[in-house]
file final-v5.json (JSON, C-alpha atoms and all ligand atoms)
[["chain", "number", "residue", "atom", "x", "y", "z"],
["A", 1, "MET", "CA", -2.17, -18.03, -10.39],
["A", 2, "ALA", "CA", -3.65, -16.08, -7.48],
["A", 3, "ASP", "CA", -1.77, -13.14, -6.08],
["A", 4, "ALA", "CA", -0.57, -13.88, -2.52],
["A", 5, "THR", "CA", -2.54, -10.92, -1.19],
["A", 6, "GLU", "CA", -5.78, -12.47, -2.51],
["A", 7, "THR", "CA", -5.40, -15.63, -0.49],
["A", 8, "ALA", "CA", -3.63, -14.27, 2.59],
["A", 9, "PRO", "CA", -5.55, -14.92, 5.82],
["A", 10, "LEU", "CA", -6.45, -12.10, 8.17],
["A", 11, "LEU", "CA", -3.29, -11.12, 9.96],
["A", 12, "THR", "CA", -2.91, -11.45, 13.70],
["A", 13, "PRO", "CA", -0.29, -9.64, 15.78],
["A", 14, "THR", "CA", 3.19, -11.01, 16.15],
["A", 15, "ALA", "CA", 4.53, -10.64, 19.69],
["A", 16, "ASP", "CA", 7.98, -9.17, 20.18],
["A", 17, "ASP", "CA", 9.94, -9.51, 23.43],
["A", 18, "ASP", "CA", 8.52, -6.28, 24.89],
["A", 19, "GLY", "CA", 4.93, -7.09, 23.96],
["A", 20, "ALA", "CA", 4.92, -10.82, 24.72],
["A", 21, "PRO", "CA", 3.52, -10.36, 28.26],
["A", 22, "PHE", "CA", 0.57, -8.35, 26.87],
["A", 23, "TRP", "CA", -0.42, -11.33, 24.69],
["A", 24, "ALA", "CA", 0.26, -13.88, 27.44],
["A", 25, "TYR", "CA", -2.09, -12.01, 29.80],
["A", 26, "ALA", "CA", -4.67, -11.60, 27.02],
["A", 27, "ALA", "CA", -4.63, -15.39, 26.57],
["A", 28, "ARG", "CA", -5.71, -15.57, 30.24],
["A", 29, "GLY", "CA", -8.49, -13.04, 29.65],
["A", 30, "GLU", "CA", -6.63, -10.20, 31.35],
["A", 31, "LEU", "CA", -6.03, -6.75, 29.92],
["A", 32, "ARG", "CA", -2.74, -5.60, 31.38],
["A", 33, "ILE", "CA", -0.70, -2.53, 30.53],
["A", 34, "GLN", "CA", 3.01, -2.17, 31.08],
["A", 35, "THR", "CA", 3.86, 0.18, 33.93],
["A", 36, "CYS", "CA", 7.08, 1.67, 35.20],
["A", 37, "ALA", "CA", 8.24, -0.25, 38.29],
["A", 38, "ASN", "CA", 10.07, 2.79, 39.70],
["A", 39, "PRO", "CA", 7.74, 3.64, 42.64],
["A", 40, "ALA", "CA", 8.51, 7.35, 42.26],
["A", 41, "CYS", "CA", 7.18, 7.20, 38.70],
["A", 42, "ALA", "CA", 4.76, 4.27, 38.14],
["A", 43, "GLU", "CA", 3.59, 5.67, 34.77],
["A", 44, "LEU", "CA", 1.65, 3.38, 32.44],
["A", 45, "ARG", "CA", 2.97, 3.09, 28.90],
["A", 46, "PHE", "CA", 1.69, 1.63, 25.65],
["A", 47, "PRO", "CA", 2.87, 0.19, 23.34],
["A", 48, "PRO", "CA", 5.25, -1.82, 25.54],
["A", 49, "ARG", "CA", 8.90, -0.85, 25.38],
["A", 50, "PRO", "CA", 12.04, -1.48, 27.40],
["A", 51, "CYS", "CA", 12.57, 1.99, 28.89],
["A", 52, "CYS", "CA", 10.21, 4.36, 30.71],
["A", 53, "PRO", "CA", 9.86, 7.57, 28.64],
["A", 54, "HIS", "CA", 9.24, 9.57, 31.85],
["A", 55, "CYS", "CA", 12.06, 8.52, 34.20],
["A", 56, "HIS", "CA", 14.19, 6.28, 31.93],
["A", 57, "SER", "CA", 13.96, 3.29, 34.27],
["A", 58, "PHE", "CA", 14.31, -0.14, 32.68],
["A", 59, "ASP", "CA", 12.24, -1.78, 35.45],
["A", 60, "SER", "CA", 8.68, -2.60, 34.50],
["A", 61, "ALA", "CA", 5.61, -4.51, 35.66],
["A", 62, "TRP", "CA", 2.18, -5.25, 34.19],
["A", 63, "ARG", "CA", -0.86, -3.65, 35.82],
["A", 64, "ARG", "CA", -4.27, -5.24, 35.39],
["A", 65, "MET", "CA", -6.88, -2.91, 33.93],
["A", 66, "SER", "CA", -10.65, -3.09, 34.44],
["A", 67, "GLY", "CA", -11.14, -3.47, 30.70],
["A", 68, "ARG", "CA", -13.48, -0.49, 30.70],
["A", 69, "GLY", "CA", -13.01, 2.39, 28.29],
["A", 70, "ARG", "CA", -14.61, 4.76, 25.81],
["A", 71, "ILE", "CA", -14.50, 4.96, 22.05],
["A", 72, "TRP", "CA", -12.06, 7.76, 21.27],
["A", 73, "SER", "CA", -12.22, 7.35, 17.49],
["A", 74, "TYR", "CA", -13.15, 4.80, 14.85],
["A", 75, "VAL", "CA", -13.07, 4.01, 11.15],
["A", 76, "VAL", "CA", -15.21, 1.85, 8.89],
["A", 77, "PRO", "CA", -12.96, 0.68, 6.03],
["A", 78, "HIS", "CA", -14.50, 0.84, 2.56],
["A", 79, "PRO", "CA", -13.59, -1.10, -0.60],
["A", 80, "PRO", "CA", -11.29, -1.87, -2.17],
["A", 81, "LEU", "CA", -10.32, -4.28, 0.60],
["A", 82, "LEU", "CA", -8.21, -7.42, 0.54],
["A", 83, "PRO", "CA", -10.53, -10.39, -0.05],
["A", 84, "ALA", "CA", -10.20, -11.77, 3.48],
["A", 85, "TYR", "CA", -11.29, -8.38, 4.85],
["A", 86, "ALA", "CA", -13.96, -7.75, 2.20],
["A", 87, "ALA", "CA", -15.66, -10.95, 3.35],
["A", 88, "GLN", "CA", -16.15, -9.38, 6.81],
["A", 89, "ALA", "CA", -17.17, -5.86, 5.72],
["A", 90, "PRO", "CA", -18.68, -3.63, 6.89],
["A", 91, "TYR", "CA", -16.49, -3.93, 9.97],
["A", 92, "ASN", "CA", -14.94, -1.29, 12.19],
["A", 93, "ALA", "CA", -11.65, -0.46, 13.83],
["A", 94, "ILE", "CA", -12.04, 1.54, 17.02],
["A", 95, "VAL", "CA", -9.56, 3.40, 19.20],
["A", 96, "VAL", "CA", -10.37, 2.94, 22.89],
["A", 97, "GLU", "CA", -9.13, 5.18, 25.68],
["A", 98, "LEU", "CA", -8.87, 3.19, 28.89],
["A", 99, "ALA", "CA", -10.98, 4.29, 31.88],
["A", 100, "GLU", "CA", -8.00, 4.18, 34.26],
["A", 101, "ALA", "CA", -5.60, 5.83, 31.85],
["A", 102, "PRO", "CA", -7.21, 7.95, 29.09],
["A", 103, "ARG", "CA", -3.75, 8.63, 27.65],
["A", 104, "ILE", "CA", -3.49, 4.91, 26.87],
["A", 105, "ARG", "CA", -5.36, 4.10, 23.66],
["A", 106, "LEU", "CA", -5.75, 0.66, 22.12],
["A", 107, "VAL", "CA", -6.91, -0.19, 18.61],
["A", 108, "GLY", "CA", -9.35, -3.05, 18.17],
["A", 109, "ASN", "CA", -12.75, -4.04, 16.86],
["A", 110, "LEU", "CA", -16.20, -3.36, 18.31],
["A", 111, "VAL", "CA", -18.19, -6.61, 18.18],
["A", 112, "ALA", "CA", -21.53, -7.86, 19.54],
["A", 113, "ALA", "CA", -19.83, -10.61, 21.60],
["A", 114, "ALA", "CA", -16.30, -11.93, 22.04],
["A", 115, "ASP", "CA", -16.63, -14.58, 19.33],
["A", 116, "ALA", "CA", -18.93, -12.60, 17.03],
["A", 117, "ARG", "CA", -18.00, -11.74, 13.47],
["A", 118, "LEU", "CA", -16.23, -8.46, 12.75],
["A", 119, "ASP", "CA", -19.39, -7.18, 11.03],
["A", 120, "SER", "CA", -21.62, -7.97, 14.03],
["A", 121, "VAL", "CA", -22.12, -4.30, 14.97],
["A", 122, "ASP", "CA", -23.92, -1.96, 12.56],
["A", 123, "PRO", "CA", -21.46, 0.91, 11.91],
["A", 124, "ALA", "CA", -24.39, 3.37, 12.29],
["A", 125, "ARG", "CA", -24.53, 2.43, 16.01],
["A", 126, "ILE", "CA", -20.93, 3.43, 16.75],
["A", 127, "ARG", "CA", -20.55, 6.69, 18.68],
["A", 128, "ILE", "CA", -17.49, 8.57, 19.90],
["A", 129, "GLY", "CA", -17.50, 8.47, 23.69],
["A", 130, "ALA", "CA", -19.57, 5.27, 23.99],
["A", 131, "ARG", "CA", -18.54, 3.11, 26.93],
["A", 132, "VAL", "CA", -17.01, -0.24, 26.03],
["A", 133, "GLN", "CA", -15.69, -3.29, 27.81],
["A", 134, "ALA", "CA", -12.84, -5.56, 26.74],
["A", 135, "VAL", "CA", -13.61, -9.16, 25.87],
["A", 136, "PHE", "CA", -11.21, -11.77, 24.54],
["A", 137, "ALA", "CA", -11.39, -14.00, 21.49],
["A", 138, "ARG", "CA", -9.06, -16.72, 20.30],
["A", 139, "VAL", "CA", -8.13, -16.00, 16.67],
["A", 140, "GLY", "CA", -5.67, -18.47, 15.19],
["A", 141, "ASP", "CA", -2.84, -18.86, 17.66],
["A", 142, "VAL", "CA", -3.39, -15.57, 19.48],
["A", 143, "THR", "CA", -6.03, -14.21, 21.89],
["A", 144, "LEU", "CA", -7.18, -10.75, 20.81],
["A", 145, "PRO", "CA", -8.75, -8.14, 23.05],
["A", 146, "ARG", "CA", -11.97, -6.96, 21.40],
["A", 147, "TRP", "CA", -14.59, -4.53, 22.62],
["A", 148, "VAL", "CA", -18.31, -4.71, 23.30],
["A", 149, "LEU", "CA", -20.65, -1.84, 24.16],
["A", 150, "GLU", "CA", -21.46, -1.58, 27.88],
["A", 151, "ARG", "CA", -25.06, -0.81, 26.86],
["A", 152, "PRO", "CA", -25.74, -2.59, 23.57],
["B", 201, "ZN", "ZN", 9.17, 5.71, 35.01]]

call {"tool": "encode", "arguments": {"input": "final-v5.json", "output": "structure tokens"}}
result
Amino acid sequence: MADATETAPLLTPTADDDGAPFWAYAARGELRIQTCANPACAELRFPPRPCCPHCHSFDSAWRRMSGRGRIWSYVVPHPPLLPAYAAQAPYNAIVVELAEAPRIRLVGNLVAAADARLDSVDPARIRIGARVQAVFARVGDVTLPRWVLERP
């Protein structure tokens, strides 16, 4: 009998109450970041949470981002990998700092196009500081932000 980890599909995020708007906007092709709705503060925050860490306000809104950013860091996972991931290796996981808010960093995958496979970018082409743009791909029942190079 196969171990459950051998047959498990690739996992997609599960939205909680605080993060649900992020995923709802992503499904519309919009990258939005939670922001404090206190006009005297207006700080962006990520991951989403109920209270502003700067002014402690519980009022929030969602600000649309350009989707532009730069690769702040990345990894290329090596075996042993779970079978569902091994089938897509060599893939990458990148950390992107947003152009409008370099303190805000999102983890995702660098791909050749929104619907491209996770191994669609040669890891040797990935550079810290490279400019990227968010794209959106439907994966299972969720729409994931992914990243493409501005100059492929
Ligand atoms: Zn605030």

call {"tool": "residues_near_ligand", "arguments": {"input": "final-v5.json", "ligand": "ligand ZN 201 (chain B)", "cutoff": "9 Å", "atoms": "only C-alpha atoms and all ligand atoms", "output": "list in words"}}
result
Thr35, Cys36, Ala37, Asn38, Pro39, Ala40, Cys41, Ala42, Glu43, Leu44, Cys51, Cys52, Pro53, His54, Cys55, His56, Ser57, Phe58, Asp59 and Ser60 of chain A

call {"tool": "residues_around", "arguments": {"input": "final-v5.json", "residues": "range 64-66 of chain A", "least_positions_apart": "2", "cutoff": "7 Å", "atoms": "all atoms listed in the file", "output": "list in words"}}
result
Glu30, Leu31, Arg32, Ile33, Trp62 and Arg68 of chain A

call {"tool": "residues_around", "arguments": {"input": "final-v5.json", "residues": "Asn109 in chain A", "least_positions_apart": "4", "cutoff": "7 Å", "atoms": "only C-alpha atoms", "output": "PDB file with C-alpha atoms, in the frame of the given file"}}
result
ATOM      1  CA  ASN A  92     -14.940  -1.290  12.190  1.00  0.00           C
ATOM      2  CA  ALA A  93     -11.650  -0.460  13.830  1.00  0.00           C
ATOM      3  CA  ILE A  94     -12.040   1.540  17.020  1.00  0.00           C
ATOM      4  CA  LEU A 118     -16.230  -8.460  12.750  1.00  0.00           C
ATOM      5  CA  ARG A 146     -11.970  -6.960  21.400  1.00  0.00           C
ATOM      6  CA  TRP A 147     -14.590  -4.530  22.620  1.00  0.00           C
TER       7      TRP A 147
END

call {"tool": "axis_aligned_box", "arguments": {"input": "final-v5.json", "around": "range 120-132 of chain A", "padding_each_side": "6 Å", "output": "AutoDock Vina command-line options"}}
result
--center_x -20.8 --center_y 0.3 --center_z 19.4 --size_x 19.5 --size_y 28.5 --size_z 27.0

call {"tool": "atom_distance", "arguments": {"input": "final-v5.json", "atom1": "CA of Ala124 in chain A", "atom2": "CA of Pro47 in chain A"}}
result
29.6 Å

call {"tool": "closest_residue", "arguments": {"input": "final-v5.json", "among": "A:Pro83, A:Val111, A:Val76, A:Asp18", "to": "Ala61 in chain A", "atoms": "all atoms listed in the file"}}
result
A:Asp18

call {"tool": "closest_residue", "arguments": {"input": "final-v5.json", "among": "A:Arg63, A:Ala116, A:Leu81, A:Pro123", "to": "Pro21 in chain A", "atoms": "only C-alpha atoms"}}
result
A:Arg63

call {"tool": "atom_distance", "arguments": {"input": "final-v5.json", "atom1": "CA of Trp23 in chain A", "atom2": "CA of Gln133 in chain A"}}
result
17.5 Å

call {"tool": "closest_residue", "arguments": {"input": "final-v5.json", "among": "A:Val121, A:Pro145, A:Tyr85, A:Pro79", "to": "Gly108 in chain A", "atoms": "only C-alpha atoms"}}
result
A:Pro145

call {"tool": "closest_residue", "arguments": {"input": "final-v5.json", "among": "A:Arg127, A:Arg49, A:Arg138, A:Arg151", "to": "Val75 in chain A", "atoms": "all atoms listed in the file"}}
result
A:Arg127

call {"tool": "atom_distance", "arguments": {"input": "final-v5.json", "atom1": "CA of Tyr25 in chain A", "atom2": "CA of Phe136 in chain A"}}
result
10.5 Å

call {"tool": "residues_near_point", "arguments": {"input": "final-v5.json", "point": "(-14.3, -11.7, 6.3)", "cutoff": "10 Å", "atoms": "all atoms listed in the file", "output": "list of chain:residue names"}}
result
A:Pro9, A:Leu10, A:Leu82, A:Pro83, A:Ala84, A:Tyr85, A:Ala86, A:Ala87, A:Gln88, A:Ala89, A:Pro90, A:Tyr91, A:Arg117, A:Leu118, A:Asp119

call {"tool": "write_last_selection", "arguments": {"input": "final-v5.json", "atoms": "C-alpha atoms", "output": "CSV table (one decimal), keeping the file's coordinate frame"}}
result
chain,number,residue,atom,x,y,z
A,9,PRO,CA,-5.6,-14.9,5.8
A,10,LEU,CA,-6.4,-12.1,8.2
A,82,LEU,CA,-8.2,-7.4,0.5
A,83,PRO,CA,-10.5,-10.4,0.0
A,84,ALA,CA,-10.2,-11.8,3.5
A,85,TYR,CA,-11.3,-8.4,4.8
A,86,ALA,CA,-14.0,-7.8,2.2
A,87,ALA,CA,-15.7,-11.0,3.4
A,88,GLN,CA,-16.2,-9.4,6.8
A,89,ALA,CA,-17.2,-5.9,5.7
A,90,PRO,CA,-18.7,-3.6,6.9
A,91,TYR,CA,-16.5,-3.9,10.0
A,117,ARG,CA,-18.0,-11.7,13.5
A,118,LEU,CA,-16.2,-8.5,12.8
A,119,ASP,CA,-19.4,-7.2,11.0

call {"tool": "closest_residue", "arguments": {"input": "final-v5.json", "among": "A:Thr14, A:Ala24, A:Glu100, A:Ala114", "to": "Val135 in chain A", "atoms": "all atoms listed in the file"}}
result
A:Ala114

call {"tool": "closest_residue", "arguments": {"input": "final-v5.json", "among": "A:Arg105, A:Ala113, A:Ser73, A:Glu97", "to": "Ala137 in chain A", "atoms": "all atoms listed in the file"}}
result
A:Ala113

call {"tool": "residues_around", "arguments": {"input": "final-v5.json", "residues": "Val142 in chain A", "least_positions_apart": "6", "cutoff": "8 Å", "atoms": "all atoms listed in the file", "output": "ChimeraX atom specification"}}
result
/A:12-13,23,27

call {"tool": "build_atoms", "arguments": {"input": "final-v5.json", "residues": "range 80-91 of chain A", "atoms": "all heavy atoms", "output": "short mmCIF file (atom, residue, chain, number, x, y, z; two decimals), in the coordinates of the input"}}
result
data_model
loop_
_atom_site.label_atom_id
_atom_site.label_comp_id
_atom_site.auth_asym_id
_atom_site.auth_seq_id
_atom_site.Cartn_x
_atom_site.Cartn_y
_atom_site.Cartn_z
N PRO A 80 -11.71 -0.47 -2.03
CA PRO A 80 -11.29 -1.87 -2.17
C PRO A 80 -10.59 -2.39 -0.92
O PRO A 80 -9.79 -1.68 -0.31
CB PRO A 80 -10.31 -1.82 -3.35
CG PRO A 80 -9.74 -0.43 -3.30
CD PRO A 80 -10.85 0.44 -2.78
N LEU A 81 -10.93 -3.61 -0.54
CA LEU A 81 -10.32 -4.28 0.60
C LEU A 81 -9.73 -5.60 0.12
O LEU A 81 -10.19 -6.17 -0.85
CB LEU A 81 -11.38 -4.57 1.67
CG LEU A 81 -12.12 -3.36 2.26
CD1 LEU A 81 -13.34 -3.82 3.06
CD2 LEU A 81 -11.18 -2.55 3.15
N LEU A 82 -8.72 -6.09 0.84
CA LEU A 82 -8.21 -7.42 0.54
C LEU A 82 -9.36 -8.42 0.71
O LEU A 82 -10.22 -8.21 1.57
CB LEU A 82 -7.06 -7.77 1.49
CG LEU A 82 -5.78 -6.95 1.29
CD1 LEU A 82 -4.77 -7.26 2.39
CD2 LEU A 82 -5.18 -7.20 -0.08
N PRO A 83 -9.38 -9.47 -0.08
CA PRO A 83 -10.53 -10.39 -0.05
C PRO A 83 -10.88 -10.91 1.34
O PRO A 83 -12.07 -11.00 1.68
CB PRO A 83 -10.07 -11.52 -0.97
CG PRO A 83 -9.15 -10.85 -1.94
CD PRO A 83 -8.43 -9.81 -1.13
N ALA A 84 -9.90 -11.24 2.15
CA ALA A 84 -10.20 -11.77 3.48
C ALA A 84 -10.92 -10.73 4.34
O ALA A 84 -11.71 -11.06 5.21
CB ALA A 84 -8.92 -12.24 4.17
N TYR A 85 -10.63 -9.44 4.11
CA TYR A 85 -11.29 -8.38 4.85
C TYR A 85 -12.64 -8.05 4.22
O TYR A 85 -13.60 -7.77 4.93
CB TYR A 85 -10.40 -7.13 4.91
CG TYR A 85 -9.19 -7.33 5.78
CD1 TYR A 85 -7.99 -7.79 5.25
CD2 TYR A 85 -9.24 -7.08 7.15
CE1 TYR A 85 -6.87 -8.00 6.05
CE2 TYR A 85 -8.13 -7.28 7.96
CZ TYR A 85 -6.95 -7.74 7.40
OH TYR A 85 -5.86 -7.95 8.19
N ALA A 86 -12.70 -8.06 2.89
CA ALA A 86 -13.96 -7.75 2.20
C ALA A 86 -15.05 -8.71 2.65
O ALA A 86 -16.22 -8.32 2.77
CB ALA A 86 -13.75 -7.83 0.69
N ALA A 87 -14.67 -9.95 2.94
CA ALA A 87 -15.66 -10.95 3.35
C ALA A 87 -16.27 -10.60 4.70
O ALA A 87 -17.33 -11.12 5.05
CB ALA A 87 -15.00 -12.32 3.42
N GLN A 88 -15.63 -9.73 5.48
CA GLN A 88 -16.15 -9.38 6.81
C GLN A 88 -16.69 -7.96 6.85
O GLN A 88 -17.13 -7.49 7.90
CB GLN A 88 -15.03 -9.53 7.85
CG GLN A 88 -14.49 -10.94 7.85
CD GLN A 88 -14.25 -11.45 9.25
OE1 GLN A 88 -14.95 -11.10 10.19
NE2 GLN A 88 -13.27 -12.31 9.38
N ALA A 89 -16.67 -7.24 5.75
CA ALA A 89 -17.17 -5.86 5.72
C ALA A 89 -18.70 -5.85 5.78
O ALA A 89 -19.33 -6.80 5.31
CB ALA A 89 -16.68 -5.17 4.46
N PRO A 90 -19.33 -4.80 6.31
CA PRO A 90 -18.68 -3.63 6.89
C PRO A 90 -18.26 -3.90 8.34
O PRO A 90 -19.09 -4.21 9.18
CB PRO A 90 -19.77 -2.57 6.85
CG PRO A 90 -21.05 -3.36 6.98
CD PRO A 90 -20.78 -4.69 6.33
N TYR A 91 -16.98 -3.76 8.60
CA TYR A 91 -16.49 -3.93 9.97
C TYR A 91 -15.92 -2.59 10.42
O TYR A 91 -15.91 -1.62 9.66
CB TYR A 91 -15.44 -5.05 10.03
CG TYR A 91 -14.22 -4.81 9.20
CD1 TYR A 91 -13.10 -4.17 9.74
CD2 TYR A 91 -14.16 -5.21 7.87
CE1 TYR A 91 -11.97 -3.94 8.98
CE2 TYR A 91 -13.03 -5.00 7.10
CZ TYR A 91 -11.94 -4.35 7.66
OH TYR A 91 -10.83 -4.12 6.89
#
